[in-house]
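Pasting data-v4.pdb here (PDB, C-alpha atoms, pLDDT in the B column):
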ATOM      1  CA  MET A  14     -15.944  -2.151  -6.559  1.00 62.00           C
ATOM      2  CA  ASN A  15     -14.732  -0.347  -3.428  1.00 79.00           C
ATOM      3  CA  SER A  16     -11.482   1.588  -3.431  1.00 85.00           C
ATOM      4  CA  ASN A  17      -9.459  -1.088  -1.623  1.00 88.00           C
ATOM      5  CA  MET A  18     -10.490  -3.844  -4.025  1.00 91.00           C
ATOM      6  CA  GLU A  19      -9.809  -1.463  -6.887  1.00 91.00           C
ATOM      7  CA  ARG A  20      -6.230  -0.996  -5.646  1.00 91.00           C
ATOM      8  CA  ILE A  21      -5.728  -4.775  -5.780  1.00 93.00           C
ATOM      9  CA  TYR A  22      -7.320  -5.031  -9.221  1.00 92.00           C
ATOM     10  CA  ASN A  23      -5.202  -2.160 -10.530  1.00 91.00           C
ATOM     11  CA  GLY A  24      -1.982  -3.707  -9.221  1.00 92.00           C
ATOM     12  CA  ILE A  25      -2.712  -7.060 -10.831  1.00 93.00           C
ATOM     13  CA  VAL A  26      -4.279  -5.922 -14.106  1.00 90.00           C
ATOM     14  CA  LYS A  27      -4.432  -2.218 -15.009  1.00 88.00           C
ATOM     15  CA  GLU A  28      -1.117  -1.161 -13.419  1.00 90.00           C
ATOM     16  CA  ASN A  29       0.770  -4.456 -13.363  1.00 92.00           C
ATOM     17  CA  PRO A  30       4.339  -3.378 -12.481  1.00 93.00           C
ATOM     18  CA  ILE A  31       5.970  -5.718 -15.019  1.00 93.00           C
ATOM     19  CA  PHE A  32       3.630  -6.105 -17.967  1.00 91.00           C
ATOM     20  CA  ILE A  33       2.055  -2.633 -17.882  1.00 90.00           C
ATOM     21  CA  MET A  34       4.390  -0.256 -16.023  1.00 89.00           C
ATOM     22  CA  MET A  35       7.637  -1.958 -17.131  1.00 88.00           C
ATOM     23  CA  LEU A  36       9.241  -1.622 -13.677  1.00 88.00           C
ATOM     24  CA  GLY A  37      11.550  -3.955 -11.751  1.00 87.00           C
ATOM     25  CA  MET A  38      13.181  -5.378 -14.872  1.00 89.00           C
ATOM     26  CA  CYS A  39      16.389  -6.437 -13.086  1.00 85.00           C
ATOM     27  CA  PRO A  40      14.879  -9.216 -10.907  1.00 84.00           C
ATOM     28  CA  THR A  41      12.331  -9.987 -13.617  1.00 87.00           C
ATOM     29  CA  LEU A  42      15.001 -10.914 -16.139  1.00 88.00           C
ATOM     30  CA  ALA A  43      17.610 -12.284 -13.732  1.00 89.00           C
ATOM     31  CA  VAL A  44      15.792 -14.709 -11.418  1.00 91.00           C
ATOM     32  CA  THR A  45      12.998 -16.089 -13.600  1.00 93.00           C
ATOM     33  CA  VAL A  46      14.862 -19.168 -14.827  1.00 93.00           C
ATOM     34  CA  SER A  47      12.157 -21.227 -13.129  1.00 94.00           C
ATOM     35  CA  ALA A  48       8.613 -20.773 -11.882  1.00 95.00           C
ATOM     36  CA  THR A  49       9.734 -21.499  -8.310  1.00 95.00           C
ATOM     37  CA  ASN A  50      12.333 -18.729  -8.407  1.00 94.00           C
ATOM     38  CA  GLY A  51       9.817 -16.276  -9.854  1.00 95.00           C
ATOM     39  CA  LEU A  52       7.227 -17.164  -7.244  1.00 96.00           C
ATOM     40  CA  GLY A  53       9.771 -16.947  -4.422  1.00 95.00           C
ATOM     41  CA  MET A  54      11.062 -13.540  -5.473  1.00 95.00           C
ATOM     42  CA  GLY A  55       7.515 -12.306  -6.013  1.00 95.00           C
ATOM     43  CA  VAL A  56       6.276 -13.387  -2.587  1.00 96.00           C
ATOM     44  CA  SER A  57       9.381 -11.925  -0.911  1.00 95.00           C
ATOM     45  CA  THR A  58       8.804  -8.602  -2.625  1.00 96.00           C
ATOM     46  CA  LEU A  59       5.086  -8.748  -1.814  1.00 96.00           C
ATOM     47  CA  CYS A  60       5.800  -9.100   1.924  1.00 96.00           C
ATOM     48  CA  VAL A  61       8.294  -6.232   1.916  1.00 97.00           C
ATOM     49  CA  LEU A  62       5.989  -4.052  -0.181  1.00 96.00           C
ATOM     50  CA  VAL A  63       2.960  -4.515   2.074  1.00 97.00           C
ATOM     51  CA  MET A  64       4.869  -3.910   5.298  1.00 97.00           C
ATOM     52  CA  SER A  65       6.868  -0.960   3.969  1.00 96.00           C
ATOM     53  CA  ASN A  66       3.713   0.704   2.630  1.00 96.00           C
ATOM     54  CA  PHE A  67       2.030   0.231   6.002  1.00 97.00           C
ATOM     55  CA  ILE A  68       4.936   1.580   8.073  1.00 96.00           C
ATOM     56  CA  ILE A  69       5.672   4.501   5.741  1.00 96.00           C
ATOM     57  CA  SER A  70       1.994   5.464   5.693  1.00 96.00           C
ATOM     58  CA  LEU A  71       1.902   5.407   9.504  1.00 96.00           C
ATOM     59  CA  MET A  72       4.992   7.623   9.671  1.00 94.00           C
ATOM     60  CA  ARG A  73       4.184   9.878   6.707  1.00 92.00           C
ATOM     61  CA  LYS A  74       3.372  12.896   8.897  1.00 91.00           C
ATOM     62  CA  ILE A  75       6.477  12.684  11.074  1.00 93.00           C
ATOM     63  CA  ILE A  76       9.152  11.973   8.428  1.00 92.00           C
ATOM     64  CA  PRO A  77      10.653  15.321   7.270  1.00 92.00           C
ATOM     65  CA  ASP A  78      10.518  15.884   3.523  1.00 89.00           C
ATOM     66  CA  GLN A  79      14.260  16.508   3.410  1.00 91.00           C
ATOM     67  CA  VAL A  80      15.093  12.963   4.540  1.00 92.00           C
ATOM     68  CA  ARG A  81      12.092  11.016   3.313  1.00 91.00           C
ATOM     69  CA  LEU A  82      13.982   8.890   0.740  1.00 91.00           C
ATOM     70  CA  PRO A  83      16.771   7.890   3.169  1.00 92.00           C
ATOM     71  CA  ALA A  84      14.077   7.115   5.745  1.00 94.00           C
ATOM     72  CA  TYR A  85      12.197   4.953   3.239  1.00 94.00           C
ATOM     73  CA  ILE A  86      15.373   3.064   2.383  1.00 94.00           C
ATOM     74  CA  VAL A  87      16.132   2.389   6.060  1.00 95.00           C
ATOM     75  CA  ILE A  88      12.605   1.026   6.583  1.00 96.00           C
ATOM     76  CA  VAL A  89      12.725  -1.124   3.467  1.00 96.00           C
ATOM     77  CA  ALA A  90      16.256  -2.373   4.233  1.00 95.00           C
ATOM     78  CA  SER A  91      15.196  -3.455   7.715  1.00 96.00           C
ATOM     79  CA  LEU A  92      12.243  -5.402   6.315  1.00 96.00           C
ATOM     80  CA  VAL A  93      14.361  -6.981   3.571  1.00 96.00           C
ATOM     81  CA  THR A  94      16.886  -8.142   6.174  1.00 96.00           C
ATOM     82  CA  VAL A  95      14.134  -9.884   8.124  1.00 96.00           C
ATOM     83  CA  VAL A  96      12.759 -11.532   4.966  1.00 96.00           C
ATOM     84  CA  GLN A  97      16.246 -12.580   3.881  1.00 95.00           C
ATOM     85  CA  LEU A  98      16.991 -14.239   7.234  1.00 96.00           C
ATOM     86  CA  LEU A  99      13.644 -16.045   7.208  1.00 95.00           C
ATOM     87  CA  ILE A 100      14.240 -17.393   3.690  1.00 95.00           C
ATOM     88  CA  GLN A 101      17.776 -18.443   4.622  1.00 94.00           C
ATOM     89  CA  ALA A 102      16.485 -20.261   7.704  1.00 95.00           C
ATOM     90  CA  PHE A 103      13.406 -21.986   6.287  1.00 95.00           C
ATOM     91  CA  VAL A 104      13.845 -22.146   2.481  1.00 93.00           C
ATOM     92  CA  SER A 105      17.583 -22.507   2.034  1.00 93.00           C
ATOM     93  CA  SER A 106      17.310 -23.830  -1.532  1.00 92.00           C
ATOM     94  CA  LEU A 107      15.391 -20.714  -2.606  1.00 92.00           C
ATOM     95  CA  TYR A 108      17.888 -18.528  -0.762  1.00 94.00           C
ATOM     96  CA  ALA A 109      20.740 -20.163  -2.688  1.00 92.00           C
ATOM     97  CA  ALA A 110      18.905 -19.735  -6.002  1.00 89.00           C
ATOM     98  CA  LEU A 111      17.988 -16.063  -5.535  1.00 91.00           C
ATOM     99  CA  GLY A 112      21.310 -15.079  -3.971  1.00 87.00           C
ATOM    100  CA  ILE A 113      22.188 -11.383  -4.219  1.00 87.00           C
ATOM    101  CA  TYR A 114      18.773 -10.499  -5.631  1.00 90.00           C
ATOM    102  CA  ILE A 115      17.121 -10.780  -2.218  1.00 92.00           C
ATOM    103  CA  PRO A 116      19.130  -7.859  -0.708  1.00 92.00           C
ATOM    104  CA  LEU A 117      18.571  -5.922  -3.936  1.00 89.00           C
ATOM    105  CA  ILE A 118      14.866  -5.766  -3.096  1.00 92.00           C
ATOM    106  CA  VAL A 119      15.906  -2.718  -1.041  1.00 90.00           C
ATOM    107  CA  VAL A 120      16.407  -0.659  -4.191  1.00 86.00           C
ATOM    108  CA  ASN A 121      13.591  -2.193  -6.214  1.00 89.00           C
ATOM    109  CA  CYS A 122      11.957   0.760  -7.954  1.00 89.00           C
ATOM    110  CA  ILE A 123       8.501  -0.743  -7.399  1.00 92.00           C
ATOM    111  CA  ILE A 124       8.843  -0.591  -3.604  1.00 93.00           C
ATOM    112  CA  LEU A 125      10.369   2.886  -3.438  1.00 91.00           C
ATOM    113  CA  GLY A 126       7.978   4.084  -6.124  1.00 91.00           C
ATOM    114  CA  ARG A 127       4.880   2.956  -4.219  1.00 93.00           C
ATOM    115  CA  ALA A 128       6.278   4.449  -1.016  1.00 93.00           C
ATOM    116  CA  GLU A 129       6.763   7.823  -2.664  1.00 91.00           C
ATOM    117  CA  ALA A 130       3.704   7.822  -4.915  1.00 91.00           C
ATOM    118  CA  PHE A 131       1.075   6.212  -2.683  1.00 94.00           C
ATOM    119  CA  ALA A 132       1.998   5.286   0.896  1.00 94.00           C
ATOM    120  CA  ALA A 133       3.384   8.749   1.680  1.00 93.00           C
ATOM    121  CA  LYS A 134       0.076  10.335   0.643  1.00 93.00           C
ATOM    122  CA  ASN A 135      -2.583   7.880   1.826  1.00 94.00           C
ATOM    123  CA  ASP A 136      -3.851   6.151   4.958  1.00 95.00           C
ATOM    124  CA  PRO A 137      -2.341   2.835   6.185  1.00 95.00           C
ATOM    125  CA  VAL A 138      -5.272   0.632   5.140  1.00 95.00           C
ATOM    126  CA  SER A 139      -5.319   1.917   1.563  1.00 94.00           C
ATOM    127  CA  SER A 140      -1.528   1.634   1.442  1.00 95.00           C
ATOM    128  CA  VAL A 141      -1.657  -2.000   2.542  1.00 96.00           C
ATOM    129  CA  PHE A 142      -4.146  -2.843  -0.213  1.00 96.00           C
ATOM    130  CA  ASP A 143      -2.005  -0.962  -2.723  1.00 96.00           C
ATOM    131  CA  GLY A 144       0.981  -3.050  -1.619  1.00 96.00           C
ATOM    132  CA  ILE A 145      -1.032  -6.262  -1.904  1.00 97.00           C
ATOM    133  CA  GLY A 146      -2.190  -5.370  -5.413  1.00 96.00           C
ATOM    134  CA  MET A 147       1.231  -4.348  -6.694  1.00 96.00           C
ATOM    135  CA  GLY A 148       2.892  -7.286  -4.939  1.00 96.00           C
ATOM    136  CA  LEU A 149       0.440  -9.794  -6.406  1.00 97.00           C
ATOM    137  CA  GLY A 150       0.852  -8.255  -9.857  1.00 95.00           C
ATOM    138  CA  PHE A 151       4.633  -8.543  -9.537  1.00 96.00           C
ATOM    139  CA  THR A 152       4.408 -12.126  -8.248  1.00 96.00           C
ATOM    140  CA  ILE A 153       2.037 -13.251 -10.996  1.00 96.00           C
ATOM    141  CA  ALA A 154       4.193 -11.665 -13.698  1.00 95.00           C
ATOM    142  CA  LEU A 155       7.421 -13.243 -12.417  1.00 95.00           C
ATOM    143  CA  THR A 156       5.752 -16.637 -12.052  1.00 96.00           C
ATOM    144  CA  ILE A 157       4.365 -16.520 -15.598  1.00 96.00           C
ATOM    145  CA  ILE A 158       7.741 -15.582 -17.070  1.00 96.00           C
ATOM    146  CA  GLY A 159       9.550 -18.165 -14.932  1.00 95.00           C
ATOM    147  CA  LEU A 160       7.030 -20.875 -15.854  1.00 96.00           C
ATOM    148  CA  ALA A 161       7.387 -20.127 -19.579  1.00 95.00           C
ATOM    149  CA  ARG A 162      11.185 -20.219 -19.413  1.00 95.00           C
ATOM    150  CA  GLU A 163      11.244 -23.394 -17.333  1.00 95.00           C
ATOM    151  CA  LEU A 164       8.639 -25.145 -19.482  1.00 95.00           C
ATOM    152  CA  PHE A 165      10.262 -24.477 -22.850  1.00 94.00           C
ATOM    153  CA  GLY A 166      13.839 -24.416 -21.568  1.00 94.00           C
ATOM    154  CA  ASN A 167      13.771 -27.577 -19.432  1.00 93.00           C
ATOM    155  CA  GLY A 168      10.420 -29.222 -20.136  1.00 94.00           C
ATOM    156  CA  THR A 169       9.399 -28.913 -16.477  1.00 95.00           C
ATOM    157  CA  ALA A 170       6.966 -26.853 -14.426  1.00 95.00           C
ATOM    158  CA  PHE A 171       7.764 -26.154 -10.757  1.00 94.00           C
ATOM    159  CA  GLY A 172      10.386 -28.906 -11.010  1.00 91.00           C
ATOM    160  CA  PHE A 173       8.030 -31.579 -12.358  1.00 93.00           C
ATOM    161  CA  GLN A 174       8.478 -33.048 -15.825  1.00 93.00           C
ATOM    162  CA  VAL A 175       5.477 -32.121 -17.982  1.00 93.00           C
ATOM    163  CA  MET A 176       6.788 -32.216 -21.533  1.00 93.00           C
ATOM    164  CA  PRO A 177       6.884 -35.609 -23.314  1.00 92.00           C
ATOM    165  CA  SER A 178      10.162 -37.517 -23.402  1.00 87.00           C
ATOM    166  CA  PHE A 179      10.787 -36.687 -27.061  1.00 89.00           C
ATOM    167  CA  TYR A 180      10.628 -32.908 -26.405  1.00 92.00           C
ATOM    168  CA  GLN A 181      13.910 -31.131 -27.095  1.00 92.00           C
ATOM    169  CA  PRO A 182      14.410 -28.246 -24.613  1.00 91.00           C
ATOM    170  CA  ILE A 183      15.236 -24.853 -26.077  1.00 91.00           C
ATOM    171  CA  SER A 184      18.374 -24.072 -24.104  1.00 88.00           C
ATOM    172  CA  ILE A 185      18.499 -20.382 -25.034  1.00 91.00           C
ATOM    173  CA  ILE A 186      15.253 -19.797 -23.107  1.00 93.00           C
ATOM    174  CA  THR A 187      16.982 -20.426 -19.762  1.00 90.00           C
ATOM    175  CA  SER A 188      19.933 -18.171 -20.649  1.00 89.00           C
ATOM    176  CA  ALA A 189      20.098 -14.396 -20.286  1.00 84.00           C
ATOM    177  CA  PRO A 190      18.849 -13.658 -23.838  1.00 88.00           C
ATOM    178  CA  GLY A 191      15.922 -16.001 -23.182  1.00 90.00           C
ATOM    179  CA  ALA A 192      14.563 -13.681 -20.501  1.00 91.00           C
ATOM    180  CA  PHE A 193      14.388 -10.785 -22.963  1.00 91.00           C
ATOM    181  CA  LEU A 194      12.881 -13.075 -25.604  1.00 93.00           C
ATOM    182  CA  VAL A 195      10.091 -14.375 -23.355  1.00 94.00           C
ATOM    183  CA  LEU A 196       9.227 -10.890 -22.074  1.00 92.00           C
ATOM    184  CA  ALA A 197       9.200  -9.558 -25.643  1.00 92.00           C
ATOM    185  CA  ILE A 198       6.844 -12.333 -26.762  1.00 93.00           C
ATOM    186  CA  ILE A 199       4.456 -11.623 -23.872  1.00 92.00           C
ATOM    187  CA  ILE A 200       4.427  -7.883 -24.624  1.00 89.00           C
ATOM    188  CA  THR A 201       3.889  -8.649 -28.322  1.00 90.00           C
ATOM    189  CA  ILE A 202       0.861 -10.767 -27.426  1.00 90.00           C
ATOM    190  CA  MET A 203      -0.455  -7.970 -25.211  1.00 86.00           C
ATOM    191  CA  ASN A 204       0.012  -5.437 -28.005  1.00 84.00           C
ATOM    192  CA  GLY A 205      -1.766  -7.776 -30.406  1.00 84.00           C
ATOM    193  CA  ALA A 206      -4.657  -7.975 -27.944  1.00 81.00           C
ATOM    194  CA  SER A 207      -4.692  -4.147 -27.696  1.00 75.00           C
ATOM    195  CA  ILE A 208      -3.641  -4.199 -24.032  1.00 72.00           C
ATOM    196  CA  SER A 209      -1.950  -0.859 -23.368  1.00 66.00           C
ATOM    197  CA  THR A 210       1.386  -0.726 -21.591  1.00 63.00           C
ATOM    198  CA  ALA A 211       3.535   2.128 -20.297  1.00 57.00           C
ATOM    199  CA  ALA A 212       5.512   1.891 -23.500  1.00 52.00           C
ATOM    200  CA  ASN A 213       2.587   2.736 -25.776  1.00 54.00           C
ATOM    201  CA  ASP A 214      -0.073   4.435 -23.655  1.00 52.00           C
ATOM    202  CA  LYS A 215       1.428   7.615 -22.245  1.00 51.00           C
ATOM    203  CA  VAL A 216      -0.153  11.021 -22.533  1.00 49.00           C
ATOM    204  CA  GLU A 217       1.903  14.207 -22.604  1.00 50.00           C
ATOM    205  CA  GLY A 218       3.637  14.802 -19.277  1.00 53.00           C
ATOM    206  CA  CYS A 219       3.034  11.230 -18.057  1.00 55.00           C
ATOM    207  CA  ASP A 220       5.781   9.771 -15.857  1.00 51.00           C
ATOM    208  CA  GLY A 221       4.394   6.235 -16.036  1.00 50.00           C
ATOM    209  CA  CYS A 222       2.882   6.291 -12.540  1.00 55.00           C
ATOM    210  CA  CYS A 223      -0.917   6.179 -12.723  1.00 54.00           C
ATOM    211  CA  ALA A 224      -1.267   6.691  -8.967  1.00 50.00           C
ATOM    212  CA  THR A 225       0.048  10.254  -9.134  1.00 52.00           C
ATOM    213  CA  CYS A 226      -1.043  11.155 -12.647  1.00 57.00           C
ATOM    214  CA  GLY A 227      -3.359  14.134 -12.985  1.00 51.00           C
ATOM    215  CA  LYS A 228      -4.556  13.046 -16.405  1.00 53.00           C
ATOM    216  CA  SER A 229      -6.582  10.122 -17.659  1.00 50.00           C
ATOM    217  CA  CYS A 230      -5.258   8.164 -20.616  1.00 54.00           C
ATOM    218  CA  LYS A 231      -8.803   6.964 -21.393  1.00 49.00           C
ATOM    219  CA  LYS A 232     -10.206  10.458 -21.224  1.00 42.00           C
ATOM    220  CA  GLU A 233      -7.467  11.730 -23.518  1.00 44.00           C
ATOM    221  CA  GLU A 234      -8.270   8.975 -26.014  1.00 43.00           C
ATOM    222  CA  ASN A 235     -11.977   9.769 -25.959  1.00 42.00           C
ATOM    223  CA  ALA A 236     -11.297  13.465 -26.352  1.00 41.00           C
TER     224      ALA A 236
END
Would you give me this structure, written as structure tokens?
Amino acid sequence: MNSNMERIYNGIVKENPIFIMMLGMCPTLAVTVSATNGLGMGVSTLCVLVMSNFIISLMRKIIPDQVRLPAYIVIVASLVTVVQLLIQAFVSSLYAALGIYIPLIVVNCIILGRAEAFAAKNDPVSSVFDGIGMGLGFTIALTIIGLARELFGNGTAFGFQVMPSFYQPISIITSAPGAFLVLAIIITIMNGASISTAANDKVEGCDGCCATCGKSCKKEENA
């Protein structure tokens, strides 16, 4: 597996921002009342993440260290504005459903984290693939959570009725506590399958970001 494909694989599986790294919890818990909302937020974030990684990587040598975070925020905010206007123009129903959470992509810790940890230190091509991997991992996670909440909370999937007529929806699943409940169940299943997450697989000095970590969790385990 070449390095670019590895970045995509890591973002989806080994370093999934939601299920493994436990990042971006605000949109994860707030907008995933349906699979469509989760998919829409995920794709929006994916687009911003790929473009911001690319632009920041291109400009990494000319942005002074003293103002790098403000510069990153300006770049990300500009991209989010474009994405927001496009969603408002072409997918107005999704825009109405996501509401304030579209502008809040600007301060999503996944985007700023990848800018600081990867794009600012690597070439544009690698940064684009890193953005694709992390964006796909985020999108898949949000869609799974949204699909679970919609299926058991309303008996539908992507707006289509799939549960039998006698099924009684579990209303709490589509409420705020339901988001925590569904995420907790997924993490419990992962723990039961011995899939390590940031909550249970940190070595001493680990900040939760594998891209900048100087240690190997696997190596530490084997040692």
Open item on the list: I'd like the interatomic distance between atom CA of Thr187 of chain A and atom CA of Ala110 of chain A, to a tenth of an Å.
Closed with: 13.9 Å
- [ ] One decimal, Å: what's the distance from atom CA of Ser47 of chain A over to atom CA of Ile157 of chain A, could you say?
- [x]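 It comes out at 9.4 Å.
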TODO: Run the PyMOL selection byres ((chain A and resi 186) around 12) on the file and write out the hits as JSON, numbers by chain.
DONE: {"A": [42, 45, 46, 47, 158, 159, 160, 161, 162, 163, 164, 165, 166, 167, 168, 182, 183, 184, 185, 187, 188, 189, 190, 191, 192, 193, 194, 195, 196, 198]}
- [ ] Might you spell out which residues the PyMOL selection byres ((chain A and resi 91) around 12) would select in the displayed file, as a PyMOL selection string?
- [x] chain A and resi 61+64-65+68+84-90+92-98+116+118-119
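This file, filtered with the PyMOL selection byres ((chain A and resi 200) around 12), gives the residues A:Ile31, A:Phe32, A:Ile33, A:Met34, A:Met35, A:Ala154, A:Ile158, A:Phe193, A:Leu194, A:Val195, A:Leu196, A:Ala197, A:Ile198, A:Ile199, A:Thr201, A:Ile202, A:Met203, A:Asn204, A:Gly205, A:Ala206, A:Ser207, A:Ile208, A:Ser209, A:Thr210, A:Ala211, A:Ala212, A:Asn213.
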- [ ] Using all atoms listed in the file, find the one residue out of A:Ile113, A:Val56, A:Leu99, A:Leu82 that sits nearest to Leu155 of chain A.
- [x]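 Of A:Ile113, A:Val56, A:Leu99, A:Leu82, the one nearest Leu155 of chain A is A:Val56, counting all atoms listed in the file.
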Using the file's own x, y and z axes, what box holds all listed atoms of segment 121-139 of chain A with 8 Å on each side, keeping edges along x, y and z, and what are its centre and edge lengths in Å to one decimal, as AutoDock Vina command-line options?
--center_x 4.1 --center_y 4.1 --center_z -0.9 --size_x 34.9 --size_y 28.5 --size_z 30.1
- [ ] Would you list the contacts of Val141 of chain A as a ChimeraX atom specification, taking every protein, DNA or RNA residue within 12 Å and counting all atoms listed in the file, but skipping same-chain residues closer than 3 positions in sequence?
- [x] /A:17-18,20-21,24,59-71,127-128,131-133,135-138,144-148
TODO: In Å, rounded to a single decimal, give me how far atom CA of Gly112 of chain A is from atom CA of Gly51 of chain A.
DONE: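 Atom CA of Gly112 of chain A lies 13.0 Å from atom CA of Gly51 of chain A.
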Task: Pick from A:Ile153, A:Val175, A:Ile115, A:Cys122 nearest to Ile100 of chain A, counting all atoms listed in the file - done: A:Ile115
